[in-house]
Amino acid sequence: MGYVGSLSLILIVTAVAGHLSVRMGLPAVIGQLLSGIILGPALLGWVTATSFIKDFAELGVIILMFMAGLESDLQLLKKYWKPSLFVAVLGVILPVAVIDWCSQLFHLGSTESLFLGVTFAATSVSISVAVLKELGALEGKEGTTILGAAVVDDVLAVLILSLMISLFGSEVSGGGSHSSTNLGVSLAIQLVFFIALYFVVKWLVPFLMKIGNGLLVPTSVTLMSLVICFGLSYLADLIGLSAVIGAFFAGIAVGQTDYHTIIDEHIQPIGNAVFIPVFFVSIGLNMSFDGVLQDFWFIVVITIAAIVTKLAGAGIGAKLAGFSWLSGYEIGAGMVSRGEMALIIAQIGYQGKLLSEDRYSAVITAIILTTLIAPILLRHAVKRMKALDTAA
């Protein structure tokens, strides 16, 4: 029953830390992330990233993105697809180019430098979603653009990573002549997945929800919505995309049905009470201070470059798409967090020998630092936007 004790400890510490964060004018997410660093191997060592914690965390991020999809306005997402594309593309190009260059300054090889650029091109919108929900800013045009851009961003990051694995196939997995063929097949399957999503959102999900409503079991509608959420998440993961993409589109699909309100009321307690805090703690558990001093300047430079390039790239993309500079700042801040997406990519690169063991801890530290700083930037941006709206 040790895992039950760990879960109890995580829940009470995140509750207190979240409360203190809010009292200090910071997002509750900051307290939850710091809880993982305090409880984990970096400091006290009371909790480790066991398979139980990892599984709980994966469910947490899936539920969080499902909730984001539930609260998303499909018409707004359609309306802001162009800004989302601009934000995502520039928000990927700039980090890849600049971090590649910075890494080479620290004498990393060209392959490893390029891989680091790809790692920091990814965005973890789940952190931003939590902050935007907390501040009541998820449903505006900026929040909608952040959500849309995050989906495109995720696809681009996976695509570039796939290309790298294809190009350096012999390095990564002893890959042979079939690597580019496999890449083409994967991309084709992912394209089919996105086309199929249209039919899932329009016809299949409403049909399944009606079936769920007819089941003679408690909370049958919520049960069916979770089946849809986990099912699409699994399919997305199966074809090489992030599970959060499937969860997000499942939320959008369910949000278009007549059962939206009741599902939202039921899902919020499930996610916020147990699974989502564990997800945020799991990010902090990856933190380690091993080798931090010897890689201190590398961590500082990469962290600053990661924050500035995503802030500038996404912000300029928003400006080119017609947003004001202040809106661009909010959108850029919403794209800064790297979180679980960058951690997953870093892990893939480490296992595939694209990222050296010497730099692994430093890279994880930089990812977590950007994830800690991102909610503070986003809160500042949202407050400035609200102040402007009030003055107007």
# chains A, B, ... in the order shown; residues from 1 in each chain; ligands from 1
$ residues_around --residues "stretch 64-81 of chain A" --least-positions-apart "6" --cutoff "9 Å" --atoms "only C-alpha atoms" --output "MDAnalysis selection string"
chainID A and resid 125:126 129:130 133 138:141 143:145 147:149 226 229 244:256 260 263:264 267:268 271:272 275:276
$ closest_atom_pairs --of "stretch 53-167 of chain A" --to "stretch 309-319 of chain A" --cutoff "6 Å" --atoms "only C-alpha atoms" --output "tab-separated table"
residue	atom	partner	partner_atom	distance
A:Pro83	CA	A:Ala318	CA	5.8
A:Phe86	CA	A:Gly317	CA	4.8
A:Val87	CA	A:Gly317	CA	4.3
A:Leu90	CA	A:Gly313	CA	4.8
A:Gly91	CA	A:Gly313	CA	4.4
A:Leu94	CA	A:Thr309	CA	5.6
A:Pro95	CA	A:Thr309	CA	5.1
$ residues_around --residues "stretch 388-390 of chain A" --least-positions-apart "5" --cutoff "10 Å" --atoms "only C-alpha atoms" --output "ChimeraX atom specification"
/A:326,382-383
$ atom_distance --atom1 "atom CA of A:Ala97" --atom2 "atom CA of A:Phe115"
10.7 Å
$ closest_residue --among "A:Leu135, A:Met341, A:Ala387, A:Leu369" --to "A:Thr123" --atoms "only C-alpha atoms"
A:Met341
$ residues_around --residues "A:Met287" --least-positions-apart "5" --cutoff "9 Å" --atoms "only C-alpha atoms" --output "short mmCIF file (atom, residue, chain, number, x, y, z; two decimals) with N, CA and C atoms, in the first residue's frame"
data_model
loop_
_atom_site.label_atom_id
_atom_site.label_comp_id
_atom_site.auth_asym_id
_atom_site.auth_seq_id
_atom_site.Cartn_x
_atom_site.Cartn_y
_atom_site.Cartn_z
N GLY A 36 6.51 18.79 -6.46
CA GLY A 36 7.25 17.65 -7.02
C GLY A 36 8.74 17.77 -6.80
N ILE A 37 9.27 18.99 -6.93
CA ILE A 37 10.70 19.21 -6.73
C ILE A 37 11.07 18.97 -5.26
N GLY A 40 10.44 15.16 -4.37
CA GLY A 40 11.17 14.22 -5.21
C GLY A 40 12.65 14.10 -4.93
N PRO A 41 13.37 13.42 -5.83
CA PRO A 41 14.81 13.16 -5.64
C PRO A 41 15.65 14.43 -5.53
N ALA A 42 15.18 15.55 -6.08
CA ALA A 42 15.97 16.79 -6.04
C ALA A 42 16.23 17.26 -4.62
N SER A 361 20.68 15.63 -17.66
CA SER A 361 20.16 16.30 -16.46
C SER A 361 20.03 17.80 -16.67
N ILE A 364 16.90 18.46 -18.80
CA ILE A 364 15.69 18.28 -17.99
C ILE A 364 15.49 19.47 -17.05
N THR A 365 16.60 19.95 -16.47
CA THR A 365 16.53 21.12 -15.58
C THR A 365 16.02 22.34 -16.33
N ILE A 368 12.27 22.10 -17.00
CA ILE A 368 11.45 22.35 -15.81
C ILE A 368 11.48 23.84 -15.44
#
$ select_by_dssp --residues "stretch 115-294 of chain A" --states "alpha helix (DSSP H)" --output "number ranges by chain"
A: 115-119, 125-135, 141-167, 169-173, 179-199, 205-214, 220-238, 243-255, 260-270, 276-285
$ residues_around --residues "A:Asn286" --least-positions-apart "4" --cutoff "12 Å" --atoms "only C-alpha atoms" --output "PyMOL selection string"
chain A and resi 33-43+45+47-50+53-54+279-282+290+339-340+342-344+346-347+360-369
$ closest_residue --among "A:Ser21, A:Ser84, A:Ser6, A:Thr119" --to "A:Leu355" --atoms "only C-alpha atoms"
A:Thr119
$ residues_around --residues "A:Leu20" --least-positions-apart "3" --cutoff "12 Å" --atoms "only C-alpha atoms" --output "mmCIF file with all heavy atoms, in the first residue's frame"
data_model
loop_
_atom_site.group_PDB
_atom_site.id
_atom_site.type_symbol
_atom_site.label_atom_id
_atom_site.label_comp_id
_atom_site.auth_asym_id
_atom_site.auth_seq_id
_atom_site.Cartn_x
_atom_site.Cartn_y
_atom_site.Cartn_z
ATOM 1 N N VAL A 13 0.157 17.864 0.080
ATOM 2 C CA VAL A 13 1.216 18.861 -0.162
ATOM 3 C C VAL A 13 0.829 19.790 -1.315
ATOM 4 O O VAL A 13 1.022 21.011 -1.228
ATOM 5 C CB VAL A 13 2.573 18.171 -0.448
ATOM 6 C CG1 VAL A 13 3.611 19.191 -0.909
ATOM 7 C CG2 VAL A 13 3.068 17.462 0.807
ATOM 8 N N THR A 14 0.250 19.238 -2.389
ATOM 9 C CA THR A 14 -0.158 20.092 -3.518
ATOM 10 C C THR A 14 -1.300 21.026 -3.126
ATOM 11 O O THR A 14 -1.359 22.164 -3.593
ATOM 12 C CB THR A 14 -0.589 19.256 -4.738
ATOM 13 O OG1 THR A 14 -1.567 18.287 -4.349
ATOM 14 C CG2 THR A 14 0.586 18.568 -5.388
ATOM 15 N N ALA A 15 -2.191 20.553 -2.260
ATOM 16 C CA ALA A 15 -3.288 21.414 -1.808
ATOM 17 C C ALA A 15 -2.748 22.615 -1.027
ATOM 18 O O ALA A 15 -3.140 23.767 -1.273
ATOM 19 C CB ALA A 15 -4.263 20.612 -0.946
ATOM 20 N N VAL A 16 -1.831 22.341 -0.096
ATOM 21 C CA VAL A 16 -1.246 23.420 0.717
ATOM 22 C C VAL A 16 -0.384 24.340 -0.145
ATOM 23 O O VAL A 16 -0.479 25.570 -0.058
ATOM 24 C CB VAL A 16 -0.410 22.826 1.876
ATOM 25 C CG1 VAL A 16 0.340 23.930 2.617
ATOM 26 C CG2 VAL A 16 -1.308 22.058 2.843
ATOM 27 N N ALA A 17 0.448 23.749 -1.005
ATOM 28 C CA ALA A 17 1.346 24.543 -1.854
ATOM 29 C C ALA A 17 0.553 25.401 -2.844
ATOM 30 O O ALA A 17 0.893 26.559 -3.088
ATOM 31 C CB ALA A 17 2.308 23.630 -2.601
ATOM 32 N N ARG A 23 -2.211 32.645 -2.528
ATOM 33 C CA ARG A 23 -2.114 33.721 -1.525
ATOM 34 C C ARG A 23 -0.991 34.697 -1.862
ATOM 35 O O ARG A 23 -1.066 35.889 -1.547
ATOM 36 C CB ARG A 23 -1.858 33.120 -0.136
ATOM 37 C CG ARG A 23 -3.055 32.425 0.493
ATOM 38 C CD ARG A 23 -4.161 33.410 0.861
ATOM 39 N NE ARG A 23 -3.754 34.393 1.843
ATOM 40 C CZ ARG A 23 -3.869 34.230 3.158
ATOM 41 N NH1 ARG A 23 -4.405 33.122 3.639
ATOM 42 N NH2 ARG A 23 -3.476 35.183 3.978
ATOM 43 N N MET A 24 0.063 34.209 -2.521
ATOM 44 C CA MET A 24 1.195 35.059 -2.897
ATOM 45 C C MET A 24 1.011 35.697 -4.280
ATOM 46 O O MET A 24 1.915 36.336 -4.799
ATOM 47 C CB MET A 24 2.497 34.247 -2.878
ATOM 48 C CG MET A 24 2.943 33.861 -1.478
ATOM 49 S SD MET A 24 4.596 33.085 -1.462
ATOM 50 C CE MET A 24 4.257 31.532 -2.238
ATOM 51 N N GLY A 25 -0.170 35.485 -4.866
ATOM 52 C CA GLY A 25 -0.453 36.090 -6.169
ATOM 53 C C GLY A 25 0.103 35.320 -7.353
ATOM 54 O O GLY A 25 0.213 35.855 -8.455
ATOM 55 N N LEU A 26 0.450 34.045 -7.138
ATOM 56 C CA LEU A 26 0.970 33.195 -8.208
ATOM 57 C C LEU A 26 -0.076 32.142 -8.579
ATOM 58 O O LEU A 26 -0.959 31.832 -7.779
ATOM 59 C CB LEU A 26 2.249 32.486 -7.753
ATOM 60 C CG LEU A 26 3.445 33.377 -7.410
ATOM 61 C CD1 LEU A 26 4.537 32.541 -6.751
ATOM 62 C CD2 LEU A 26 3.977 34.059 -8.659
ATOM 63 N N PRO A 27 0.010 31.574 -9.791
ATOM 64 C CA PRO A 27 -0.929 30.490 -10.142
ATOM 65 C C PRO A 27 -0.721 29.282 -9.229
ATOM 66 O O PRO A 27 0.406 28.998 -8.809
ATOM 67 C CB PRO A 27 -0.540 30.150 -11.587
ATOM 68 C CG PRO A 27 0.218 31.334 -12.087
ATOM 69 C CD PRO A 27 0.910 31.920 -10.900
ATOM 70 N N ALA A 28 -1.790 28.554 -8.935
ATOM 71 C CA ALA A 28 -1.706 27.362 -8.088
ATOM 72 C C ALA A 28 -0.772 26.315 -8.685
ATOM 73 O O ALA A 28 -0.148 25.521 -7.961
ATOM 74 C CB ALA A 28 -3.103 26.770 -7.888
ATOM 75 N N VAL A 29 -0.655 26.310 -10.013
ATOM 76 C CA VAL A 29 0.201 25.350 -10.702
ATOM 77 C C VAL A 29 1.646 25.434 -10.226
ATOM 78 O O VAL A 29 2.338 24.416 -10.111
ATOM 79 C CB VAL A 29 0.151 25.616 -12.231
ATOM 80 C CG1 VAL A 29 1.123 24.727 -12.967
ATOM 81 C CG2 VAL A 29 -1.258 25.398 -12.746
ATOM 82 N N ILE A 30 2.117 26.652 -9.934
ATOM 83 C CA ILE A 30 3.496 26.834 -9.473
ATOM 84 C C ILE A 30 3.732 26.031 -8.195
ATOM 85 O O ILE A 30 4.738 25.323 -8.057
ATOM 86 C CB ILE A 30 3.793 28.328 -9.212
ATOM 87 C CG1 ILE A 30 3.789 29.118 -10.521
ATOM 88 C CG2 ILE A 30 5.135 28.509 -8.500
ATOM 89 C CD1 ILE A 30 4.959 28.823 -11.426
ATOM 90 N N GLY A 31 2.812 26.129 -7.253
ATOM 91 C CA GLY A 31 2.930 25.379 -6.007
ATOM 92 C C GLY A 31 2.942 23.887 -6.243
ATOM 93 O O GLY A 31 3.698 23.144 -5.599
ATOM 94 N N GLN A 32 2.111 23.423 -7.193
ATOM 95 C CA GLN A 32 2.048 21.990 -7.485
ATOM 96 C C GLN A 32 3.337 21.496 -8.142
ATOM 97 O O GLN A 32 3.827 20.408 -7.823
ATOM 98 C CB GLN A 32 0.828 21.712 -8.372
ATOM 99 C CG GLN A 32 -0.486 21.977 -7.653
ATOM 100 C CD GLN A 32 -1.697 21.884 -8.566
ATOM 101 O OE1 GLN A 32 -1.598 22.066 -9.783
ATOM 102 N NE2 GLN A 32 -2.853 21.604 -7.993
ATOM 103 N N LEU A 34 6.336 22.913 -7.777
ATOM 104 C CA LEU A 34 7.371 22.968 -6.737
ATOM 105 C C LEU A 34 7.225 21.814 -5.746
ATOM 106 O O LEU A 34 8.222 21.333 -5.192
ATOM 107 C CB LEU A 34 7.315 24.309 -6.002
ATOM 108 C CG LEU A 34 7.795 25.531 -6.803
ATOM 109 C CD1 LEU A 34 7.535 26.811 -6.027
ATOM 110 C CD2 LEU A 34 9.282 25.406 -7.142
ATOM 111 N N SER A 35 5.991 21.363 -5.537
ATOM 112 C CA SER A 35 5.760 20.214 -4.643
ATOM 113 C C SER A 35 6.528 18.990 -5.126
ATOM 114 O O SER A 35 7.105 18.241 -4.332
ATOM 115 C CB SER A 35 4.264 19.878 -4.568
ATOM 116 O OG SER A 35 3.534 20.948 -4.032
#
$ closest_residue --among "A:Pro375, A:Gly322, A:Pro218, A:Gly5" --to "A:Val336" --atoms "only C-alpha atoms"
A:Pro375
$ atom_distance --atom1 "atom CA of A:Ile146" --atom2 "atom CA of A:Ile331"
5.8 Å
